[in-house]
$ cat structure_15.txt   # compact mmCIF, C-alpha atoms
# COMPACT_ATOMS: atom_id res chain seq x y z
CA MET A 553 0.00 0.00 0.00
CA VAL A 554 1.23 3.50 -0.83
CA GLN A 555 2.35 5.35 2.34
CA ASP A 556 0.02 8.31 1.72
CA ARG A 557 -2.92 5.94 1.47
CA LEU A 558 -1.84 4.14 4.65
CA ASP A 559 -1.51 7.47 6.52
CA GLU A 560 -5.01 8.45 5.49
CA LEU A 561 -6.51 5.07 6.37
CA VAL A 562 -4.88 4.80 9.81
CA GLY A 563 -5.76 8.41 10.61
CA THR A 564 -9.41 7.80 9.73
CA LEU A 565 -9.55 4.63 11.83
CA LEU A 566 -7.95 6.35 14.83
CA ASP A 567 -10.53 9.13 14.64
CA ARG A 568 -13.27 6.51 14.89
CA HIS A 569 -11.73 3.96 17.26
CA ARG A 570 -9.44 3.98 20.30
CA ILE A 571 -7.71 0.73 19.25
CA VAL A 572 -6.81 -0.26 15.70
CA CYS A 573 -5.41 -3.70 14.86
CA VAL A 574 -2.82 -3.94 12.06
CA THR A 575 -1.88 -7.42 10.85
CA ALA A 576 0.74 -8.44 8.31
CA THR A 577 3.23 -11.20 7.71
CA ALA A 578 6.54 -11.20 9.57
CA GLY A 579 9.14 -8.96 7.96
CA SER A 580 6.63 -7.07 5.84
CA GLY A 581 7.65 -3.73 7.34
CA LYS A 582 4.48 -2.99 9.29
CA THR A 583 6.37 -1.48 12.24
CA THR A 584 8.25 0.92 9.96
CA ALA A 585 5.07 1.81 8.10
CA VAL A 586 3.13 2.56 11.28
CA ALA A 587 6.05 4.58 12.64
CA GLN A 588 6.05 6.71 9.48
CA THR A 589 2.29 7.17 9.75
CA ALA A 590 2.62 8.26 13.38
CA ARG A 591 5.18 10.91 12.43
CA THR A 592 2.99 12.11 9.57
CA LEU A 593 -0.08 12.45 11.78
CA GLY A 594 1.97 14.44 14.30
CA ARG A 595 0.29 13.08 17.41
CA PRO A 596 1.27 10.51 20.04
CA ILE A 597 0.31 6.98 19.09
CA ALA A 598 1.04 3.89 21.16
CA TRP A 599 1.10 0.57 19.38
CA LEU A 600 1.72 -2.94 20.57
CA SER A 601 3.34 -5.86 18.84
CA VAL A 602 3.28 -9.46 20.00
CA ASP A 603 6.66 -10.84 19.03
CA GLY A 604 6.39 -14.55 18.38
CA THR A 605 9.94 -15.16 17.28
CA PRO A 606 11.85 -18.05 18.92
CA ALA A 607 14.28 -15.61 20.52
CA VAL A 608 11.59 -13.70 22.43
CA PRO A 609 8.46 -15.88 22.62
CA ASP A 610 5.20 -14.12 23.44
CA VAL A 611 6.86 -10.94 24.66
CA LEU A 612 4.64 -7.88 24.54
CA LEU A 613 6.70 -5.01 23.14
CA ALA A 614 5.49 -1.42 23.06
CA TYR A 615 6.60 0.89 20.26
CA LEU A 616 5.97 4.54 21.10
CA GLU A 617 8.16 6.25 18.53
CA ALA A 618 5.75 9.09 17.81
CA ALA A 619 5.45 9.96 21.50
CA LEU A 620 9.12 9.37 22.34
CA ALA A 621 10.78 11.03 19.36
CA PRO A 622 10.52 14.64 20.62
CA VAL A 623 11.12 13.85 24.30
CA ALA A 624 14.93 13.74 24.40
CA GLU A 625 15.30 17.03 22.51
CA ALA A 626 12.66 18.74 24.66
CA CYS A 627 14.35 17.56 27.86
CA ASP A 628 17.73 18.83 26.72
CA ARG A 629 16.52 22.30 25.77
CA THR A 630 14.43 22.87 28.93
CA PRO A 631 16.59 24.83 31.43
CA ASP A 632 14.98 23.76 34.71
CA PRO A 633 15.49 20.04 35.60
CA TRP A 634 11.98 19.67 37.05
CA ASP A 635 10.42 21.20 33.93
CA SER A 636 12.64 18.88 31.89
CA PHE A 637 11.12 15.91 33.70
CA GLN A 638 7.64 17.23 32.89
CA GLN A 639 8.45 16.90 29.17
CA THR A 640 8.14 13.12 29.57
CA ARG A 641 4.58 13.28 30.91
CA GLU A 642 2.59 12.72 27.72
CA ALA A 643 4.76 9.84 26.52
CA TYR A 644 4.49 8.13 29.90
CA ARG A 645 0.72 8.63 29.87
CA GLN A 646 0.52 6.96 26.46
CA MET A 647 2.57 4.08 27.83
CA ALA A 648 0.14 3.71 30.74
CA LYS A 649 -2.88 3.78 28.44
CA ALA A 650 -1.28 0.98 26.43
CA GLY A 651 -1.04 -1.03 29.66
CA PHE A 652 2.72 -1.14 29.55
CA THR A 653 3.42 0.47 32.93
CA LYS A 654 1.73 -2.46 34.67
CA GLY A 655 3.59 -5.07 32.63
CA PHE A 656 5.91 -6.12 35.49
CA ILE A 657 3.07 -6.45 38.05
CA PRO A 658 1.82 -10.04 38.64
CA LYS A 659 -1.45 -10.98 36.94
CA GLU A 660 -3.20 -11.73 40.23
CA TYR A 661 -2.82 -8.07 41.18
CA GLY A 662 -4.01 -6.66 37.86
CA GLY A 663 -0.73 -6.60 35.90
CA LEU A 664 0.51 -8.46 32.84
CA GLY A 665 2.96 -10.66 34.69
CA LEU A 666 5.97 -9.99 32.47
CA SER A 667 9.35 -11.10 33.76
CA THR A 668 12.26 -8.79 34.53
CA VAL A 669 13.90 -9.98 31.30
CA ASP A 670 10.77 -9.06 29.33
CA LEU A 671 10.80 -5.61 30.90
CA ALA A 672 14.49 -5.14 30.09
CA ILE A 673 13.96 -6.14 26.44
CA ALA A 674 11.06 -3.73 26.04
CA ALA A 675 12.98 -0.91 27.74
CA GLU A 676 15.90 -1.56 25.40
CA GLU A 677 13.58 -1.26 22.39
CA LEU A 678 12.17 2.03 23.68
CA ALA A 679 15.62 3.41 24.57
CA ARG A 680 16.52 3.38 20.88
CA HIS A 681 14.35 6.49 20.59
CA ASP A 682 14.59 8.07 24.06
CA LEU A 683 16.39 7.17 27.28
CA ASN A 684 14.27 9.15 29.73
CA VAL A 685 10.84 7.50 29.53
CA PRO A 686 11.94 3.83 29.53
CA THR A 687 14.28 4.58 32.44
CA LEU A 688 11.32 6.00 34.37
CA LEU A 689 9.48 2.76 33.65
CA VAL A 690 12.38 0.61 34.89
CA ALA A 691 12.93 2.87 37.93
CA SER A 692 9.28 2.59 38.94
CA GLY A 693 9.56 -1.17 38.58
CA ALA A 694 12.61 -1.14 40.87
CA GLY A 695 10.60 0.80 43.43
CA LEU A 696 7.95 -1.94 43.48
CA TRP A 697 10.41 -4.84 43.20
CA HIS A 698 10.56 -5.45 46.94
CA VAL A 699 6.77 -5.59 47.22
CA ILE A 700 6.48 -7.99 44.27
CA HIS A 701 9.14 -10.39 45.59
CA ASN A 702 9.03 -9.95 49.38
CA GLY A 703 5.68 -8.38 50.25
CA THR A 704 2.82 -10.13 52.00
CA PRO A 705 -0.42 -10.75 50.03
CA GLU A 706 -1.97 -7.78 51.86
CA GLN A 707 0.95 -5.51 50.98
CA LYS A 708 0.90 -6.61 47.33
CA GLU A 709 -2.81 -5.86 47.08
CA ARG A 710 -2.42 -2.49 48.81
CA PHE A 711 0.64 -1.24 46.90
CA LEU A 712 0.46 -2.97 43.49
CA ARG A 713 -3.24 -2.73 42.66
CA PRO A 714 -3.28 1.11 42.39
CA PHE A 715 -0.40 0.98 39.88
CA ALA A 716 -2.16 -1.72 37.84
CA GLU A 717 -5.35 0.37 37.69
CA ASP A 718 -3.56 3.65 36.89
CA GLU A 719 -4.42 4.20 33.21
CA GLU A 720 -3.16 7.80 33.17
CA GLY A 721 0.36 7.11 34.45
CA ASP A 722 -0.17 9.34 37.48
CA LEU A 723 1.75 7.06 39.84
CA LEU A 724 5.51 6.53 40.02
CA ALA A 725 7.42 4.39 42.48
CA VAL A 726 10.99 5.22 43.37
CA TYR A 727 13.84 3.25 44.90
CA ALA A 728 15.54 5.65 47.35
CA PHE A 729 18.98 4.28 48.23
CA THR A 730 21.32 7.29 48.03
CA ASP A 731 21.55 9.18 51.30
CA GLU A 732 21.65 12.97 51.56
CA ALA A 733 25.12 12.76 53.08
CA GLY A 734 26.73 11.04 50.11
CA GLY A 735 26.56 8.12 47.70
CA ALA A 736 24.71 4.82 47.84
CA ASN A 737 26.78 3.52 50.74
CA PHE A 738 24.03 1.46 52.33
CA ASP A 739 26.41 -1.50 52.83
CA SER A 740 29.36 0.45 54.26
CA ALA A 741 30.74 -0.81 57.57
CA ASP A 742 31.82 2.74 58.44
CA PRO A 743 28.93 4.53 60.21
CA ALA A 744 30.20 7.90 59.02
CA ALA A 745 30.22 6.79 55.37
CA GLY A 746 27.02 4.76 55.38
CA MET A 747 23.35 5.64 55.61
CA GLN A 748 22.45 8.59 57.81
CA THR A 749 18.67 8.22 57.42
CA PHE A 750 17.16 5.81 59.96
CA ALA A 751 13.74 4.37 60.66
CA ARG A 752 13.38 3.51 64.33
CA ARG A 753 11.00 1.01 65.89
CA ASP A 754 11.36 0.38 69.62
CA GLY A 755 14.96 1.58 69.50
CA ASP A 756 15.97 -0.87 66.76
CA GLU A 757 18.31 0.39 64.04
CA SER A 758 18.97 -1.92 61.09
CA LEU A 759 18.67 -1.87 57.32
CA ALA A 760 15.11 -2.35 56.15
CA VAL A 761 12.85 -1.75 53.14
CA VAL A 762 9.95 0.57 53.95
CA MET A 763 7.23 1.84 51.62
CA VAL A 764 6.85 5.58 52.29
CA PRO A 765 3.95 7.47 50.63
CA GLY A 766 5.29 10.69 49.13
CA ASP A 767 2.67 12.96 50.71
CA LEU A 768 3.45 12.24 54.36
CA PRO A 769 4.34 15.15 56.69
CA GLY A 770 8.07 15.58 57.20
CA ILE A 771 9.09 14.85 53.60
CA THR A 772 10.76 17.78 51.88
CA VAL A 773 12.16 17.99 48.36
CA LEU A 774 15.24 20.17 48.73
CA ASP A 775 16.03 20.45 45.01
CA VAL A 776 16.30 18.44 41.80
CA TYR A 777 19.64 17.33 40.39
CA ASP A 778 20.40 18.53 36.87
CA LYS A 779 22.05 15.63 35.06
CA MET A 780 23.75 15.47 31.68
CA GLY A 781 22.27 13.17 29.04
CA CYS A 782 19.16 12.05 30.96
CA ARG A 783 17.58 15.25 32.20
CA GLY A 784 14.06 13.87 31.87
CA ILE A 785 14.71 11.34 34.64
CA VAL A 786 13.84 13.22 37.79
CA SER A 787 16.36 12.91 40.64
CA PRO A 788 15.06 14.92 43.59
CA ARG A 789 17.06 15.39 46.80
CA VAL A 790 14.59 14.42 49.50
CA ARG A 791 14.85 14.97 53.25
CA PHE A 792 12.95 12.81 55.75
CA LYS A 793 12.46 14.41 59.17
CA ASN A 794 10.31 12.72 61.80
CA VAL A 795 8.22 11.00 59.12
CA ARG A 796 5.80 8.54 60.70
CA VAL A 797 5.13 5.41 58.62
CA PRO A 798 2.92 2.47 59.70
CA ALA A 799 4.85 -0.66 60.68
CA ALA A 800 2.69 -2.50 58.14
CA ASN A 801 4.64 -0.68 55.40
CA MET A 802 7.85 -2.55 56.20
CA ILE A 803 8.59 -5.12 53.49
CA GLY A 804 10.09 -8.35 54.77
CA THR A 805 12.32 -8.24 57.82
CA PRO A 806 15.11 -5.77 58.71
CA GLY A 807 18.75 -6.59 59.20
CA LYS A 808 20.48 -9.19 57.01
CA ALA A 809 17.29 -9.96 55.07
CA GLY A 810 16.84 -6.26 54.33
CA MET A 811 20.41 -6.00 53.06
CA GLU A 812 19.94 -9.03 50.79
CA SER A 813 16.69 -7.61 49.41
CA ILE A 814 18.26 -4.25 48.61
CA THR A 815 21.28 -5.88 46.97
CA ARG A 816 19.15 -8.25 44.86
CA ALA A 817 17.07 -5.36 43.52
CA PHE A 818 20.17 -4.04 41.76
CA SER A 819 20.70 -7.31 39.90
$ encode --input "structure_15.txt" --output "structure tokens"
Amino acid sequence: MVQDRLDELVGTLLDRHRIVCVTATAGSGKTTAVAQTARTLGRPIAWLSVDGTPAVPDVLLAYLEAALAPVAEACDRTPDPWDSFQQTREAYRQMAKAGFTKGFIPKEYGGLGLSTVDLAIAAEELARHDLNVPTLLVASGAGLWHVIHNGTPEQKERFLRPFAEDEEGDLLAVYAFTDEAGGANFDSADPAAGMQTFARRDGDESLAVVMVPGDLPGITVLDVYDKMGCRGIVSPRVRFKNVRVPAANMIGTPGKAGMESITRAFS
């Protein structure tokens, strides 16, 4: 089909329907054709492809070229780092509408049940066009990793279900492991070089994973780091002062188990 005719046909169908199914034989160039159509229409389009090749069986890949293409440039030319992060909003919303942001959440809690490898493959595909948005996706997955692997059924229902039902991409999880005093020295034996932020329960001090809602009193965003090359990935410097969190928000057990959980999340 001539590209102009395809552009017109897909545009008409999208005006009438929220979801349009495009089928063609493997290697026919349908992904390239749809990408060209998306650029021609000049509006964000999310499309899904079920890859049935032996190398990646039944992996759901999301191609968001039209939404991602302008993101990197917009992030780079926006002076303020927080405003730069806001440039990713529409692309992330399109990803959520396509169901991709819940891909790593288990099916029993409303997600798609994709493995970590599936998520990494999809993020790699998306990173060909923009680094910021797929990194936000992976970072949010890292923030929920402990709940998925170590949380109780009640904790999984309470923390994962809202993300699975978030079709606008309003929610982001974050894995906070770098202390205000320095780098990510959570495993340092030197008290002066290690973590300086502590959660205390009955006088106990040990490494633990705690889910902290971002709107609790005592949480202050001091500023946002301005990074080179990935300015759309927000990195706020957050201070916790006398923040009260329910004991039910602790994932797993503190101490050695907490250390192992934190270390495993990086791999």
$ closest_residue --input "structure_15.txt" --among "A:Ile700, A:Val726, A:Leu558, A:Val574" --to "A:Gly665" --atoms "all atoms listed in the file"
A:Ile700
$ closest_residue --input "structure_15.txt" --among "A:Leu671, A:Val690, A:Val797, A:Ile814" --to "A:Asp767" --atoms "all atoms listed in the file"
A:Val797
$ closest_residue --input "structure_15.txt" --among "A:Pro622, A:Pro705, A:Pro788, A:Gly655" --to "A:Gln639" --atoms "all atoms listed in the file"
A:Pro622
$ residues_around --input "structure_15.txt" --residues "A:Arg791" --least-positions-apart "2" --cutoff "7 Å" --atoms "all atoms listed in the file" --output "ChimeraX atom specification"
/A:771-774,789,793
$ residues_near_point --input "structure_15.txt" --point "(15.9, 14.6, 37.0)" --cutoff "7 Å" --atoms "only C-alpha atoms" --output "PyMOL selection string"
chain A and resi 633-634+637+776-779+783-788
$ atom_distance --input "structure_15.txt" --atom1 "atom CA of A:Met647" --atom2 "atom CA of A:Gly721"
7.6 Å
$ atom_distance --input "structure_15.txt" --atom1 "atom CA of A:Phe792" --atom2 "atom CA of A:Ala725"
16.7 Å
$ axis_aligned_box --input "structure_15.txt" --around "stretch 784-795 of chain A" --padding-each-side "4 Å" --output "JSON"
{"center_x": 12.6, "center_y": 13.2, "center_z": 46.8, "size_x": 16.8, "size_y": 12.4, "size_z": 37.9}
$ closest_residue --input "structure_15.txt" --among "A:Gly807, A:Arg816, A:Ala650, A:Glu706" --to "A:Ile571" --atoms "all atoms listed in the file"
A:Ala650
$ closest_residue --input "structure_15.txt" --among "A:Leu689, A:Cys782, A:Val562, A:Ala585" --to "A:Ala672" --atoms "only C-alpha atoms"
A:Leu689
$ residues_around --input "structure_15.txt" --residues "A:Ser667" --least-positions-apart "5" --cutoff "10 Å" --atoms "all atoms listed in the file" --output "ChimeraX atom specification"
/A:611,655-658,672-673
